[in-house]
Amino acid sequence: MRLFVALDLPDAIHKFICDLIDGELRPLCKNARWVRPEGMHITLKFIGYVDAEKLAPIRAALASVGSSAPVEMSFHGLGFFPSERRPRVLWYGMEASENLAPLAADIERALEPLGIERENRKFVPHLTLARFESPRGLEMLVRKAEELKSLEPLTTRETQFHLYESILKHAGAEYRKIESFSFVKEAA
């Protein structure tokens, strides 16, 4: 099984971003590999391939993760990894409440005793929209990203994260939600 942990997007934000991609962005760069609508989420931890017998311990570890408050997120603006000059990924920017990074770190710590390695890179929350094999045809998309920096932010408040299975298929990854976990725990 290929697993990851993520936050979902509320329907209104999901629809807005899908409409933005289909109406304004995709026509500017047809050679990009655009994320399918069902693939939009904020990854907290990519677990990777595990044997099916590890699923129950993973579920138990994730159920132990908590925070004293919901995660608040604000989505705004487009950007590129690693840069506009050499883009490999187009992302929709986001800011989150201070408890998001500790939540991701707690997920890492909870899974580590199960032999799931910690991520070496710093946690940078983002929403991937597209990937690029080459910079060909990206000039108009970079200009459009600059124009869209003034869009009104989209906000949400989340209290659950989800364990997903990623099933790789010829047409792209298919995601199956295995379980949802409420992470807001009452203060003792």
# chains A, B, ... in the order shown; residues from 1 in each chain; ligands from 1
call {"tool": "select_by_dssp", "arguments": {"residues": "segment 3-100 of chain A", "states": "alpha helix (DSSP H)", "output": "JSON, numbers by chain"}}
result
{"A": [11, 12, 13, 14, 15, 16, 17, 18, 19, 20, 55, 56, 57, 58, 59, 60, 61, 62, 63, 100]}
call {"tool": "write_last_selection", "arguments": {"atoms": "C-alpha atoms", "output": "PDB file, in the first residue's frame"}}
result
ATOM      1  CA  ASP A  11     -15.810  22.241  -1.370  1.00  0.00           C
ATOM      2  CA  ALA A  12     -15.997  26.019  -2.015  1.00  0.00           C
ATOM      3  CA  ILE A  13     -12.202  26.435  -2.123  1.00  0.00           C
ATOM      4  CA  HIS A  14     -11.807  23.258  -4.174  1.00  0.00           C
ATOM      5  CA  LYS A  15     -14.347  24.515  -6.732  1.00  0.00           C
ATOM      6  CA  PHE A  16     -12.758  27.975  -6.934  1.00  0.00           C
ATOM      7  CA  ILE A  17      -9.299  26.520  -7.613  1.00  0.00           C
ATOM      8  CA  CYS A  18     -10.622  24.002 -10.166  1.00  0.00           C
ATOM      9  CA  ASP A  19     -12.473  26.811 -11.985  1.00  0.00           C
ATOM     10  CA  LEU A  20      -9.302  28.943 -11.936  1.00  0.00           C
ATOM     11  CA  LEU A  55      -2.140  -0.379   8.458  1.00  0.00           C
ATOM     12  CA  ALA A  56      -3.604  -1.032  11.928  1.00  0.00           C
ATOM     13  CA  PRO A  57      -0.524   0.310  13.788  1.00  0.00           C
ATOM     14  CA  ILE A  58      -0.466   3.353  11.474  1.00  0.00           C
ATOM     15  CA  ARG A  59      -4.133   4.041  12.234  1.00  0.00           C
ATOM     16  CA  ALA A  60      -3.486   3.718  15.975  1.00  0.00           C
ATOM     17  CA  ALA A  61      -0.482   6.065  15.783  1.00  0.00           C
ATOM     18  CA  LEU A  62      -2.441   8.684  13.844  1.00  0.00           C
ATOM     19  CA  ALA A  63      -5.360   8.490  16.283  1.00  0.00           C
ATOM     20  CA  LEU A 100       0.055  23.318  11.380  1.00  0.00           C
TER      21      LEU A 100
END
call {"tool": "residues_around", "arguments": {"residues": "Leu154 of chain A", "least_positions_apart": "2", "cutoff": "12 Å", "atoms": "only C-alpha atoms", "output": "PyMOL selection string"}}
result
chain A and resi 9-17+72-77+92-96+150-152+156-157
call {"tool": "atom_distance", "arguments": {"atom1": "atom CA of Phe46 of chain A", "atom2": "atom CA of Pro82 of chain A"}}
result
19.8 Å
call {"tool": "select_by_dssp", "arguments": {"residues": "chain A", "states": "strand (DSSP E or B)", "output": "ChimeraX atom specification"}}
result
/A:2-7,33-34,42-49,67,71-81,89-96,127-131,154-158,160-169,172-182,184
call {"tool": "closest_residue", "arguments": {"among": "A:Thr43, A:Asn31, A:Ser68, A:Thr128", "to": "Tyr164 of chain A", "atoms": "only C-alpha atoms"}}
result
A:Thr43
call {"tool": "atom_distance", "arguments": {"atom1": "atom CA of Cys29 of chain A", "atom2": "atom CA of Pro135 of chain A"}}
result
9.9 Å
call {"tool": "residues_around", "arguments": {"residues": "Arg26 of chain A", "least_positions_apart": "5", "cutoff": "12 Å", "atoms": "only C-alpha atoms", "output": "number ranges by chain"}}
result
A: 17-21, 31-36, 90, 129-131, 137-138, 140-141, 144
call {"tool": "write_last_selection", "arguments": {"atoms": "C-alpha atoms", "output": "mmCIF file, in the first residue's frame"}}
result
data_model
loop_
_atom_site.group_PDB
_atom_site.id
_atom_site.type_symbol
_atom_site.label_atom_id
_atom_site.label_comp_id
_atom_site.auth_asym_id
_atom_site.auth_seq_id
_atom_site.Cartn_x
_atom_site.Cartn_y
_atom_site.Cartn_z
ATOM 1 C CA ILE A 17 -9.299 26.520 -7.613
ATOM 2 C CA CYS A 18 -10.622 24.002 -10.166
ATOM 3 C CA ASP A 19 -12.473 26.811 -11.985
ATOM 4 C CA LEU A 20 -9.302 28.943 -11.936
ATOM 5 C CA ILE A 21 -7.262 26.111 -13.440
ATOM 6 C CA ASN A 31 2.102 20.966 -21.788
ATOM 7 C CA ALA A 32 1.850 21.069 -17.976
ATOM 8 C CA ARG A 33 0.750 18.017 -16.010
ATOM 9 C CA TRP A 34 -2.200 19.495 -14.121
ATOM 10 C CA VAL A 35 -3.265 17.929 -10.846
ATOM 11 C CA ARG A 36 -6.606 16.207 -11.158
ATOM 12 C CA LEU A 90 3.153 25.501 -9.877
ATOM 13 C CA LEU A 129 -1.494 22.617 -9.117
ATOM 14 C CA ALA A 130 0.825 21.474 -11.920
ATOM 15 C CA ARG A 131 4.214 19.963 -12.726
ATOM 16 C CA GLY A 137 5.398 27.704 -22.875
ATOM 17 C CA LEU A 138 5.505 28.945 -19.284
ATOM 18 C CA MET A 140 2.245 33.415 -20.076
ATOM 19 C CA LEU A 141 1.586 31.315 -16.984
ATOM 20 C CA LYS A 144 -0.777 35.271 -15.056
#
call {"tool": "atom_distance", "arguments": {"atom1": "atom CA of Lys185 of chain A", "atom2": "atom CA of Arg109 of chain A"}}
result
17.5 Å
call {"tool": "closest_residue", "arguments": {"among": "A:Lys177, A:Thr159, A:Ala105, A:Tyr49", "to": "Glu119 of chain A", "atoms": "only C-alpha atoms"}}
result
A:Ala105
call {"tool": "closest_residue", "arguments": {"among": "A:Lys30, A:Glu84, A:Leu78, A:Leu3", "to": "Ala52 of chain A", "atoms": "only C-alpha atoms"}}
result
A:Leu3
call {"tool": "residues_around", "arguments": {"residues": "Ser67 of chain A", "least_positions_apart": "6", "cutoff": "8 Å", "atoms": "only C-alpha atoms", "output": "PDB file with N, CA and C atoms, in the first residue's frame"}}
result
ATOM      1  N   ASN A  99      -0.103  26.207  14.489  1.00  0.00           N
ATOM      2  CA  ASN A  99      -0.151  24.799  14.911  1.00  0.00           C
ATOM      3  C   ASN A  99      -0.066  23.801  13.748  1.00  0.00           C
ATOM      4  N   LEU A 103       1.677  20.095  14.059  1.00  0.00           N
ATOM      5  CA  LEU A 103       0.807  18.960  13.772  1.00  0.00           C
ATOM      6  C   LEU A 103       1.505  17.984  12.823  1.00  0.00           C
ATOM      7  N   PHE A 183      -8.268  15.828  15.051  1.00  0.00           N
ATOM      8  CA  PHE A 183      -7.046  16.091  15.801  1.00  0.00           C
ATOM      9  C   PHE A 183      -7.226  17.132  16.895  1.00  0.00           C
ATOM     10  N   VAL A 184      -8.367  17.812  16.940  1.00  0.00           N
ATOM     11  CA  VAL A 184      -8.554  18.813  17.990  1.00  0.00           C
ATOM     12  C   VAL A 184      -8.974  18.096  19.259  1.00  0.00           C
ATOM     13  N   LYS A 185      -8.084  18.140  20.233  1.00  0.00           N
ATOM     14  CA  LYS A 185      -8.319  17.468  21.507  1.00  0.00           C
ATOM     15  C   LYS A 185      -8.674  18.518  22.554  1.00  0.00           C
TER      16      LYS A 185
END
call {"tool": "closest_residue", "arguments": {"among": "A:Glu98, A:Glu146, A:Glu165, A:Glu24", "to": "Glu179 of chain A", "atoms": "only C-alpha atoms"}}
result
A:Glu165
